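Student: For reference, the structure I am asking about is given below.
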Protein chains: 2
Amino acid sequence: MKFSTKVRYGLKALVDLSMNESETPVMASHLAEKQAVSVKYLERILNSLKKAEIIKSVRGCHGGYVLNKKPEDISIYEIYVAVEGDISVSPCSMGDCPRHIACYASNVWGEINSKIVDILKDYDLATVIERVDDELSF
Amino acid sequence: MKFSTKVRYGLKALVDLSMNESETPVMASHLAEKQAVSVKYLERILNSLKKAEIIKSVRGCHGGYVLNKKPEDISIYEIYVAVEGDISVSPCSMGDCPRHIACYASNVWGEINSKIVDILKDYDLATVIERVDDELSF
DNA sequence: TCCAATCTATACCAATATAGTAGGAAATGT
DNA sequence: ACATTTCCTACTATATTGGTATAGATTGGA
């Protein structure tokens with residue numbers, strides 16, 4: 001039940017991007033430095049976010065990344081799916097149980113799965129940023 | 001975000017146990033056979049459930065396992081914790097973030113974590129059994 | 001035009017976690 | 001005493017995650 005580093009680094013990068021006041025895009029290397037993570041690894045994560053159209057990229061010299069949506073329109077669910085693929089708490093929950101006969105539980109896992117998805121759809125980047133401000137305010 | 005086989009096999013075993021009408025305990029080998037899983041592996045899972053006092057065991061000849069609580073008093077959360085230890089969606093959510101400075105997100109992960117815990121606390125074995133009956137009824 | 005800076009793509013490797021196996025010790029009914 | 005069954009612990013194989021490396025494509029600017 002853990003979120004991977006991809007999700008966590010990705011979310012952090014989005015927070016940093018959303019705090020970029022200037023019009024110029026932010027470089028991967030700059031974002032990576034902030035969280036003490038390898039540039040190359042973060043680049044791949046940013047690329048997934050780009051393909052999901054959560055951010056835009058500018059290639060070449062002075063390039064970088066910018067948000068492609070308002071923070072309130074980016075859910076943690078969206079971020080998760082962008083970097084990890086769809087959420088499935090068990091092989092059964094997506095209806096492709098490998099143990100056809102023994103596996104009785106598709107309804108159960110399916111229900112739990114969709115409840116977790118709902119939580120993550122509810123939680124948007126704007127809310128995350130509020131929480132960051134909270135933390136910084138002491 | 002996947003549930004491990006421990007959780008899934010454990011839950012299935014509990015369903016089977018709760019359907020045991022007789023007074024005699026059910027052997028690990030019998031439970032294992034039903035889900036086509038290795039006896040040795042399931043034994044360990046059952047042992048975790050026993051230590052959490054979800055089931056009782058009878059050792060020796062004609063021994064086996066029986067439920068120690070009513071199905072409506074056994075939550076999936078309890079089962080999860082019994083076999084896997086406490087739930088934590090990220091290193092941050094339990095307050096022991098390894099990246100002290102860069103990690104801002106403890107509130108965020110903590111909130112998500114406790115919402116997931118709530119879902120799993122809400123979902124009890126009795127409900128699971130209802131779903132099983134649903135599946136069997138067509 | 002050419003170079004440095006930057007994103008893109010893909011292949012590879014290492015560390016960790018999960019899943020499963022094995023062997024035997026301890027308990028218990030017959 | 002013995003067969004049966006749970007309990008304990010160490011080991012191994014496999015899959016997933018996390019991270020690195022290399023080369024290529026694109027762009028702005030000297």
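Chain labels follow the order of the structure tokens: the first chain is A, the next B, and so on; residue numbering restarts at 1 in every chain, and ligands are counted from 1 in their shown order.
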Show me, as a list in words, the residues that have an atom within 7 Å of range 1-6 of chain C when counting only C-alpha atoms (C1' of nucleotides), minus same-chain residues fewer than 6 positions from it.

Tutor: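 Listing them by chain and then by number gives Arg59, Gly60, Cys61, His62 and Gly63 of chain A.
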
Student: Write the residues of the selection above to a file with C-alpha atoms, as a PDB file, in the first residue's frame.

Tutor:
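Listing of part-v3.pdb after writing:
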ATOM      1  CA  ARG A  59      12.778  21.634 -25.516  1.00  0.00           C
ATOM      2  CA  GLY A  60      16.195  22.995 -26.312  1.00  0.00           C
ATOM      3  CA  CYS A  61      18.184  25.790 -24.789  1.00  0.00           C
ATOM      4  CA  HIS A  62      16.403  27.608 -21.949  1.00  0.00           C
ATOM      5  CA  GLY A  63      13.767  24.919 -22.028  1.00  0.00           C
TER       6      GLY A  63
END

Student: Give as a ChimeraX atom specification every residue of chain C that touches chain B within 7 Å, counting only C-alpha atoms (C1' of nucleotides).

Tutor: /C:20,27-29

Student: Can you superpose chain B onto chain A by least squares over all C-alpha atoms paired in order and give the moved copy as a short mmCIF file (atom, residue, chain, number, x, y, z; two decimals) with N, CA and C atoms, in the first residue's frame?

Tutor:
data_model
loop_
_atom_site.label_atom_id
_atom_site.label_comp_id
_atom_site.auth_asym_id
_atom_site.auth_seq_id
_atom_site.Cartn_x
_atom_site.Cartn_y
_atom_site.Cartn_z
N MET B 1 0.81 -1.22 -0.03
CA MET B 1 -0.01 0.00 -0.02
C MET B 1 0.84 1.26 -0.02
N LYS B 2 2.05 1.17 -0.51
CA LYS B 2 2.89 2.36 -0.54
C LYS B 2 2.79 3.07 -1.88
N PHE B 3 2.92 4.39 -1.84
CA PHE B 3 3.12 5.14 -3.07
C PHE B 3 4.59 5.05 -3.44
N SER B 4 4.85 4.88 -4.72
CA SER B 4 6.23 4.76 -5.18
C SER B 4 6.92 6.13 -5.13
N THR B 5 8.23 6.09 -5.28
CA THR B 5 8.97 7.35 -5.36
C THR B 5 8.53 8.16 -6.58
N LYS B 6 8.16 7.47 -7.65
CA LYS B 6 7.69 8.19 -8.84
C LYS B 6 6.54 9.12 -8.49
N VAL B 7 5.57 8.59 -7.76
CA VAL B 7 4.42 9.41 -7.40
C VAL B 7 4.86 10.54 -6.48
N ARG B 8 5.70 10.22 -5.52
CA ARG B 8 6.09 11.22 -4.54
C ARG B 8 6.96 12.31 -5.16
N TYR B 9 7.97 11.90 -5.93
CA TYR B 9 8.82 12.90 -6.57
C TYR B 9 8.01 13.71 -7.57
N GLY B 10 7.12 13.02 -8.28
CA GLY B 10 6.29 13.71 -9.27
C GLY B 10 5.43 14.78 -8.62
N LEU B 11 4.81 14.42 -7.52
CA LEU B 11 3.96 15.38 -6.82
C LEU B 11 4.79 16.57 -6.35
N LYS B 12 5.93 16.27 -5.77
CA LYS B 12 6.79 17.35 -5.29
C LYS B 12 7.19 18.29 -6.43
N ALA B 13 7.53 17.70 -7.56
CA ALA B 13 7.91 18.53 -8.71
C ALA B 13 6.75 19.42 -9.13
N LEU B 14 5.55 18.89 -9.09
CA LEU B 14 4.39 19.69 -9.48
C LEU B 14 4.16 20.84 -8.51
N VAL B 15 4.38 20.55 -7.23
CA VAL B 15 4.27 21.63 -6.24
C VAL B 15 5.27 22.73 -6.58
N ASP B 16 6.49 22.32 -6.85
CA ASP B 16 7.52 23.31 -7.18
C ASP B 16 7.14 24.09 -8.44
N LEU B 17 6.65 23.37 -9.43
CA LEU B 17 6.24 24.04 -10.67
C LEU B 17 5.14 25.05 -10.41
N SER B 18 4.21 24.67 -9.57
CA SER B 18 3.06 25.56 -9.34
C SER B 18 3.47 26.79 -8.56
N MET B 19 4.63 26.72 -7.93
CA MET B 19 5.10 27.88 -7.18
C MET B 19 6.02 28.77 -8.01
N ASN B 20 6.21 28.38 -9.25
CA ASN B 20 7.04 29.18 -10.14
C ASN B 20 6.27 30.41 -10.62
N GLU B 21 6.66 31.56 -10.12
CA GLU B 21 5.94 32.79 -10.43
C GLU B 21 6.24 33.27 -11.85
N SER B 22 7.50 33.12 -12.24
CA SER B 22 7.92 33.67 -13.53
C SER B 22 7.26 32.95 -14.69
N GLU B 23 7.44 33.52 -15.87
CA GLU B 23 6.86 32.92 -17.08
C GLU B 23 7.78 31.87 -17.70
N THR B 24 9.04 31.91 -17.31
CA THR B 24 10.00 31.00 -17.93
C THR B 24 9.87 29.59 -17.36
N PRO B 25 10.04 28.58 -18.22
CA PRO B 25 9.93 27.19 -17.77
C PRO B 25 11.03 26.82 -16.80
N VAL B 26 10.74 25.82 -15.97
CA VAL B 26 11.70 25.37 -14.96
C VAL B 26 12.40 24.10 -15.45
N MET B 27 13.71 24.10 -15.36
CA MET B 27 14.49 22.96 -15.82
C MET B 27 14.37 21.77 -14.88
N ALA B 28 14.46 20.57 -15.46
CA ALA B 28 14.47 19.34 -14.67
C ALA B 28 15.58 19.39 -13.63
N SER B 29 16.73 19.88 -14.05
CA SER B 29 17.86 19.89 -13.12
C SER B 29 17.56 20.75 -11.89
N HIS B 30 16.82 21.81 -12.13
CA HIS B 30 16.46 22.70 -11.02
C HIS B 30 15.49 22.01 -10.06
N LEU B 31 14.51 21.34 -10.64
CA LEU B 31 13.53 20.63 -9.81
C LEU B 31 14.20 19.49 -9.04
N ALA B 32 15.12 18.82 -9.71
CA ALA B 32 15.78 17.66 -9.09
C ALA B 32 16.63 18.10 -7.90
N GLU B 33 17.30 19.20 -8.10
CA GLU B 33 18.18 19.71 -7.06
C GLU B 33 17.41 19.93 -5.76
N LYS B 34 16.19 20.48 -5.92
CA LYS B 34 15.38 20.79 -4.74
C LYS B 34 15.04 19.59 -3.89
N GLN B 35 14.89 18.41 -4.55
CA GLN B 35 14.55 17.26 -3.73
C GLN B 35 15.67 16.24 -3.64
N ALA B 36 16.86 16.66 -4.01
CA ALA B 36 18.01 15.78 -3.87
C ALA B 36 17.79 14.43 -4.55
N VAL B 37 17.36 14.50 -5.78
CA VAL B 37 17.03 13.31 -6.56
C VAL B 37 17.78 13.41 -7.88
N SER B 38 18.12 12.27 -8.46
CA SER B 38 18.86 12.28 -9.71
C SER B 38 18.06 12.93 -10.84
N VAL B 39 18.74 13.79 -11.60
CA VAL B 39 18.08 14.50 -12.70
C VAL B 39 17.49 13.52 -13.69
N LYS B 40 18.28 12.52 -14.06
CA LYS B 40 17.85 11.55 -15.07
C LYS B 40 16.55 10.85 -14.67
N TYR B 41 16.50 10.50 -13.41
CA TYR B 41 15.32 9.79 -12.92
C TYR B 41 14.10 10.70 -12.95
N LEU B 42 14.29 11.93 -12.49
CA LEU B 42 13.18 12.87 -12.46
C LEU B 42 12.73 13.23 -13.88
N GLU B 43 13.68 13.31 -14.80
CA GLU B 43 13.33 13.60 -16.19
C GLU B 43 12.27 12.62 -16.71
N ARG B 44 12.50 11.36 -16.39
CA ARG B 44 11.55 10.33 -16.86
C ARG B 44 10.18 10.53 -16.25
N ILE B 45 10.16 10.89 -14.98
CA ILE B 45 8.89 11.11 -14.31
C ILE B 45 8.17 12.30 -14.94
N LEU B 46 8.94 13.38 -15.17
CA LEU B 46 8.38 14.57 -15.78
C LEU B 46 7.81 14.24 -17.16
N ASN B 47 8.52 13.37 -17.86
CA ASN B 47 8.06 12.98 -19.18
C ASN B 47 6.71 12.28 -19.14
N SER B 48 6.52 11.43 -18.13
CA SER B 48 5.22 10.78 -17.97
C SER B 48 4.13 11.81 -17.70
N LEU B 49 4.47 12.78 -16.87
CA LEU B 49 3.49 13.82 -16.54
C LEU B 49 3.15 14.64 -17.78
N LYS B 50 4.15 14.80 -18.63
CA LYS B 50 3.92 15.55 -19.86
C LYS B 50 2.99 14.78 -20.79
N LYS B 51 3.23 13.49 -20.92
CA LYS B 51 2.39 12.68 -21.80
C LYS B 51 0.94 12.67 -21.33
N ALA B 52 0.76 12.80 -20.03
CA ALA B 52 -0.60 12.86 -19.49
C ALA B 52 -1.15 14.28 -19.57
N GLU B 53 -0.39 15.17 -20.15
CA GLU B 53 -0.80 16.57 -20.35
C GLU B 53 -1.05 17.32 -19.05
N ILE B 54 -0.35 16.88 -18.01
CA ILE B 54 -0.43 17.60 -16.74
C ILE B 54 0.53 18.78 -16.78
N ILE B 55 1.66 18.58 -17.43
CA ILE B 55 2.61 19.67 -17.64
C ILE B 55 2.94 19.79 -19.13
N LYS B 56 3.55 20.91 -19.50
CA LYS B 56 4.06 21.08 -20.85
C LYS B 56 5.58 21.19 -20.77
N SER B 57 6.24 20.83 -21.85
CA SER B 57 7.69 20.98 -21.85
C SER B 57 8.11 21.91 -22.99
N VAL B 58 9.24 22.55 -22.77
CA VAL B 58 9.87 23.35 -23.82
C VAL B 58 11.25 22.76 -24.05
N ARG B 59 11.48 22.28 -25.23
CA ARG B 59 12.76 21.62 -25.51
C ARG B 59 13.83 22.64 -25.88
N GLY B 60 15.05 22.14 -25.90
CA GLY B 60 16.16 22.97 -26.33
C GLY B 60 16.61 23.96 -25.28
N CYS B 61 17.49 24.81 -25.74
CA CYS B 61 18.11 25.80 -24.87
C CYS B 61 17.06 26.66 -24.16
N HIS B 62 17.29 26.89 -22.88
CA HIS B 62 16.35 27.64 -22.03
C HIS B 62 14.99 26.97 -21.93
N GLY B 63 14.98 25.67 -22.17
CA GLY B 63 13.73 24.93 -22.05
C GLY B 63 13.44 24.55 -20.62
N GLY B 64 12.45 23.69 -20.46
CA GLY B 64 12.05 23.27 -19.12
C GLY B 64 10.59 22.86 -19.11
N TYR B 65 10.00 22.97 -17.93
CA TYR B 65 8.62 22.51 -17.78
C TYR B 65 7.74 23.58 -17.15
N VAL B 66 6.47 23.58 -17.56
CA VAL B 66 5.46 24.43 -16.90
C VAL B 66 4.18 23.63 -16.71
N LEU B 67 3.40 24.02 -15.73
CA LEU B 67 2.09 23.38 -15.53
C LEU B 67 1.22 23.61 -16.75
N ASN B 68 0.38 22.64 -17.05
CA ASN B 68 -0.52 22.75 -18.18
C ASN B 68 -1.97 22.91 -17.75
N LYS B 69 -2.20 22.90 -16.43
CA LYS B 69 -3.54 23.03 -15.88
C LYS B 69 -3.46 23.83 -14.60
N LYS B 70 -4.58 24.28 -14.13
CA LYS B 70 -4.61 24.92 -12.83
C LYS B 70 -4.46 23.84 -11.75
N PRO B 71 -3.77 24.18 -10.66
CA PRO B 71 -3.56 23.20 -9.58
C PRO B 71 -4.86 22.55 -9.12
N GLU B 72 -5.95 23.30 -9.09
CA GLU B 72 -7.21 22.71 -8.62
C GLU B 72 -7.80 21.72 -9.62
N ASP B 73 -7.23 21.67 -10.82
CA ASP B 73 -7.72 20.71 -11.81
C ASP B 73 -6.79 19.51 -11.97
N ILE B 74 -5.81 19.38 -11.07
CA ILE B 74 -4.90 18.24 -11.12
C ILE B 74 -5.09 17.43 -9.85
N SER B 75 -5.59 16.21 -9.99
CA SER B 75 -5.81 15.36 -8.82
C SER B 75 -4.62 14.42 -8.62
N ILE B 76 -4.48 13.95 -7.40
CA ILE B 76 -3.42 12.99 -7.13
C ILE B 76 -3.67 11.70 -7.91
N TYR B 77 -4.92 11.40 -8.12
CA TYR B 77 -5.25 10.23 -8.95
C TYR B 77 -4.64 10.35 -10.34
N GLU B 78 -4.85 11.52 -10.92
CA GLU B 78 -4.31 11.78 -12.27
C GLU B 78 -2.78 11.61 -12.28
N ILE B 79 -2.16 12.14 -11.28
CA ILE B 79 -0.70 12.05 -11.18
C ILE B 79 -0.28 10.59 -11.07
N TYR B 80 -0.98 9.88 -10.20
CA TYR B 80 -0.68 8.46 -10.01
C TYR B 80 -0.77 7.70 -11.33
N VAL B 81 -1.88 7.86 -11.99
CA VAL B 81 -2.09 7.13 -13.25
C VAL B 81 -1.04 7.52 -14.28
N ALA B 82 -0.69 8.80 -14.30
CA ALA B 82 0.30 9.26 -15.27
C ALA B 82 1.64 8.55 -15.11
N VAL B 83 2.08 8.38 -13.87
CA VAL B 83 3.42 7.81 -13.67
C VAL B 83 3.42 6.31 -13.44
N GLU B 84 2.29 5.74 -13.02
CA GLU B 84 2.28 4.32 -12.64
C GLU B 84 1.31 3.47 -13.45
N GLY B 85 0.43 4.08 -14.16
CA GLY B 85 -0.64 3.32 -14.78
C GLY B 85 -1.79 3.17 -13.80
N ASP B 86 -2.85 2.53 -14.25
CA ASP B 86 -4.08 2.55 -13.45
C ASP B 86 -3.91 1.83 -12.11
N ILE B 87 -4.71 2.26 -11.15
CA ILE B 87 -4.66 1.70 -9.81
C ILE B 87 -5.44 0.39 -9.74
N SER B 88 -4.82 -0.59 -9.10
CA SER B 88 -5.50 -1.87 -8.90
C SER B 88 -4.99 -2.51 -7.63
N VAL B 89 -5.82 -2.61 -6.62
CA VAL B 89 -5.35 -3.11 -5.33
C VAL B 89 -5.09 -4.61 -5.33
N SER B 90 -5.64 -5.31 -6.29
CA SER B 90 -5.34 -6.74 -6.41
C SER B 90 -5.56 -7.15 -7.85
N PRO B 91 -5.00 -8.29 -8.26
CA PRO B 91 -5.24 -8.74 -9.63
C PRO B 91 -6.73 -8.90 -9.90
N CYS B 92 -7.50 -9.11 -8.83
CA CYS B 92 -8.93 -9.32 -9.01
C CYS B 92 -9.68 -8.03 -9.30
N SER B 93 -9.18 -6.92 -8.77
CA SER B 93 -10.04 -5.73 -8.78
C SER B 93 -10.27 -5.16 -10.16
N MET B 94 -9.45 -5.52 -11.11
CA MET B 94 -9.69 -5.04 -12.46
C MET B 94 -10.35 -6.10 -13.33
N GLY B 95 -10.80 -7.16 -12.69
CA GLY B 95 -11.56 -8.17 -13.44
C GLY B 95 -10.71 -9.18 -14.20
N ASP B 96 -9.41 -9.24 -13.88
CA ASP B 96 -8.60 -10.24 -14.57
C ASP B 96 -7.90 -11.17 -13.59
N CYS B 97 -8.67 -11.74 -12.72
CA CYS B 97 -8.12 -12.62 -11.70
C CYS B 97 -7.52 -13.86 -12.33
N PRO B 98 -6.26 -14.17 -11.96
CA PRO B 98 -5.60 -15.34 -12.53
C PRO B 98 -6.09 -16.68 -11.94
N ARG B 99 -6.70 -16.62 -10.77
CA ARG B 99 -7.16 -17.87 -10.15
C ARG B 99 -8.67 -17.99 -10.32
N HIS B 100 -9.06 -18.27 -11.50
CA HIS B 100 -10.47 -18.12 -11.87
C HIS B 100 -11.44 -18.67 -10.83
N ILE B 101 -11.22 -19.91 -10.45
CA ILE B 101 -12.21 -20.55 -9.60
C ILE B 101 -12.06 -20.11 -8.15
N ALA B 102 -10.82 -20.19 -7.65
CA ALA B 102 -10.61 -19.90 -6.25
C ALA B 102 -10.89 -18.43 -5.91
N CYS B 103 -10.77 -17.56 -6.91
CA CYS B 103 -10.91 -16.14 -6.58
C CYS B 103 -12.35 -15.70 -6.63
N TYR B 104 -12.85 -15.41 -5.47
CA TYR B 104 -14.25 -15.08 -5.29
C TYR B 104 -14.42 -13.59 -5.12
N ALA B 105 -13.31 -12.90 -4.96
CA ALA B 105 -13.36 -11.63 -4.25
C ALA B 105 -13.41 -10.40 -5.15
N SER B 106 -13.66 -10.59 -6.41
CA SER B 106 -13.59 -9.43 -7.29
C SER B 106 -14.47 -8.28 -6.80
N ASN B 107 -15.66 -8.59 -6.32
CA ASN B 107 -16.50 -7.51 -5.83
C ASN B 107 -15.86 -6.77 -4.68
N VAL B 108 -15.28 -7.51 -3.77
CA VAL B 108 -14.68 -6.91 -2.59
C VAL B 108 -13.54 -5.98 -3.00
N TRP B 109 -12.58 -6.51 -3.74
CA TRP B 109 -11.44 -5.69 -4.12
C TRP B 109 -11.87 -4.55 -5.02
N GLY B 110 -12.80 -4.82 -5.87
CA GLY B 110 -13.30 -3.76 -6.75
C GLY B 110 -13.90 -2.61 -5.96
N GLU B 111 -14.65 -2.93 -4.94
CA GLU B 111 -15.26 -1.87 -4.13
C GLU B 111 -14.20 -1.05 -3.41
N ILE B 112 -13.26 -1.75 -2.80
CA ILE B 112 -12.20 -1.05 -2.08
C ILE B 112 -11.40 -0.18 -3.05
N ASN B 113 -11.10 -0.77 -4.17
CA ASN B 113 -10.33 -0.04 -5.18
C ASN B 113 -11.01 1.27 -5.56
N SER B 114 -12.30 1.21 -5.81
CA SER B 114 -12.93 2.43 -6.31
C SER B 114 -13.07 3.47 -5.19
N LYS B 115 -13.11 2.99 -3.94
CA LYS B 115 -13.14 3.96 -2.85
C LYS B 115 -11.80 4.68 -2.72
N ILE B 116 -10.73 3.94 -2.92
CA ILE B 116 -9.41 4.57 -2.86
C ILE B 116 -9.24 5.55 -4.02
N VAL B 117 -9.69 5.13 -5.19
CA VAL B 117 -9.63 6.02 -6.36
C VAL B 117 -10.39 7.32 -6.06
N ASP B 118 -11.54 7.19 -5.43
CA ASP B 118 -12.33 8.38 -5.11
C ASP B 118 -11.56 9.34 -4.22
N ILE B 119 -10.90 8.78 -3.21
CA ILE B 119 -10.11 9.63 -2.32
C ILE B 119 -9.06 10.40 -3.11
N LEU B 120 -8.39 9.70 -4.00
CA LEU B 120 -7.29 10.33 -4.73
C LEU B 120 -7.79 11.31 -5.78
N LYS B 121 -8.99 11.05 -6.29
CA LYS B 121 -9.57 12.00 -7.25
C LYS B 121 -9.98 13.29 -6.53
N ASP B 122 -10.34 13.13 -5.28
CA ASP B 122 -10.80 14.26 -4.48
C ASP B 122 -9.67 15.19 -4.06
N TYR B 123 -8.48 14.64 -4.03
CA TYR B 123 -7.36 15.37 -3.45
C TYR B 123 -6.59 16.05 -4.58
N ASP B 124 -6.71 17.36 -4.69
CA ASP B 124 -6.06 18.03 -5.81
C ASP B 124 -4.79 18.77 -5.39
N LEU B 125 -4.07 19.18 -6.41
CA LEU B 125 -2.77 19.83 -6.18
C LEU B 125 -2.92 21.12 -5.37
N ALA B 126 -4.01 21.83 -5.59
CA ALA B 126 -4.22 23.07 -4.83
C ALA B 126 -4.27 22.77 -3.33
N THR B 127 -4.93 21.67 -2.98
CA THR B 127 -5.01 21.27 -1.58
C THR B 127 -3.64 20.90 -1.03
N VAL B 128 -2.88 20.21 -1.85
CA VAL B 128 -1.51 19.86 -1.44
C VAL B 128 -0.73 21.12 -1.12
N ILE B 129 -0.87 22.11 -1.98
CA ILE B 129 -0.12 23.35 -1.79
C ILE B 129 -0.52 24.05 -0.50
N GLU B 130 -1.81 24.03 -0.20
CA GLU B 130 -2.26 24.58 1.08
C GLU B 130 -1.52 23.91 2.24
N ARG B 131 -1.43 22.58 2.17
CA ARG B 131 -0.77 21.83 3.25
C ARG B 131 0.70 22.22 3.35
N VAL B 132 1.33 22.43 2.22
CA VAL B 132 2.72 22.85 2.23
C VAL B 132 2.85 24.18 2.96
N ASP B 133 1.96 25.09 2.65
CA ASP B 133 1.99 26.39 3.32
C ASP B 133 1.83 26.21 4.82
N ASP B 134 0.92 25.32 5.21
CA ASP B 134 0.76 25.02 6.63
C ASP B 134 2.11 24.67 7.26
N GLU B 135 2.79 23.73 6.61
CA GLU B 135 4.05 23.23 7.17
C GLU B 135 5.09 24.34 7.29
N LEU B 136 5.08 25.21 6.29
CA LEU B 136 6.11 26.25 6.26
C LEU B 136 5.80 27.36 7.24
N SER B 137 4.59 27.36 7.77
CA SER B 137 4.17 28.52 8.55
C SER B 137 4.47 28.40 10.04
N PHE B 138 5.44 27.58 10.40
CA PHE B 138 5.82 27.64 11.81
C PHE B 138 7.32 27.70 11.97
#

Student: Could you tell me how far C1' of DT12 in chain D sits from C1' of DA11 in chain C, in Å to one decimal place?

Tutor: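 The value is 28.0 Å.
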
Student: Would you tabulate, counting only C-alpha atoms (C1' of nucleotides), all residues of chain D that have an atom at most 8 Å from an atom of chain B, showing the closest pair of atoms and their distance in Å to one decimal, sorted by chain then ascending number, as a tab-separated table?

Tutor:
residue	atom	partner	partner_atom	distance
D:DA3	C1'	B:Cys61	CA	7.8
D:DT4	C1'	B:Cys61	CA	4.5
D:DT5	C1'	B:Gly60	CA	4.6
D:DT6	C1'	B:Arg59	CA	4.9
D:DC7	C1'	B:Asn47	CA	8.0

Student: Based on DSSP run over this structure's backbone, return all residues of range 30-95 of chain A in strand (DSSP E or B), as a ChimeraX atom specification.

Tutor: /A:55-58,64-67,75

Student: With N, CA and C atoms retained, export the selected residues as a CSV table (one decimal), in the first residue's frame.

Tutor:
chain,number,residue,atom,x,y,z
A,55,ILE,N,1.7,18.6,-17.4
A,55,ILE,CA,2.6,19.7,-17.7
A,55,ILE,C,3.0,19.8,-19.2
A,56,LYS,N,3.6,20.9,-19.5
A,56,LYS,CA,4.1,21.1,-20.9
A,56,LYS,C,5.6,21.2,-20.8
A,57,SER,N,6.3,20.8,-21.9
A,57,SER,CA,7.7,21.0,-21.9
A,57,SER,C,8.1,21.9,-23.0
A,58,VAL,N,9.2,22.5,-22.8
A,58,VAL,CA,9.9,23.3,-23.8
A,58,VAL,C,11.3,22.8,-24.0
A,64,GLY,N,12.5,23.7,-20.5
A,64,GLY,CA,12.1,23.2,-19.1
A,64,GLY,C,10.6,22.9,-19.1
A,65,TYR,N,10.0,22.9,-17.9
A,65,TYR,CA,8.6,22.5,-17.8
A,65,TYR,C,7.7,23.6,-17.2
A,66,VAL,N,6.5,23.6,-17.6
A,66,VAL,CA,5.5,24.4,-16.9
A,66,VAL,C,4.2,23.6,-16.7
A,67,LEU,N,3.4,24.0,-15.7
A,67,LEU,CA,2.1,23.4,-15.5
A,67,LEU,C,1.2,23.6,-16.8
A,75,SER,N,-5.6,16.2,-10.0
A,75,SER,CA,-5.8,15.3,-8.8
A,75,SER,C,-4.6,14.4,-8.6

Student: Have a look at C1' of DC11 in chain D and C1' of DG23 in chain C and let me know their distance in Å, one decimal.

Tutor: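 That distance, rounded to one decimal, is 10.5 Å.
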
Student: I need the alpha helix (DSSP H) residues of chain A per DSSP on the backbone, written as a VMD selection string.

Tutor: chain A and resid 5 to 18 28 to 35 39 to 51 76 to 84 106 to 122 125 to 136

Student: What is the distance, in Å and to one decimal place, between C1' of DG19 in chain D and C1' of DA19 in chain C?

Tutor: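 About the pair C1' of DG19 in chain D and C1' of DA19 in chain C: they are 24.0 Å apart.
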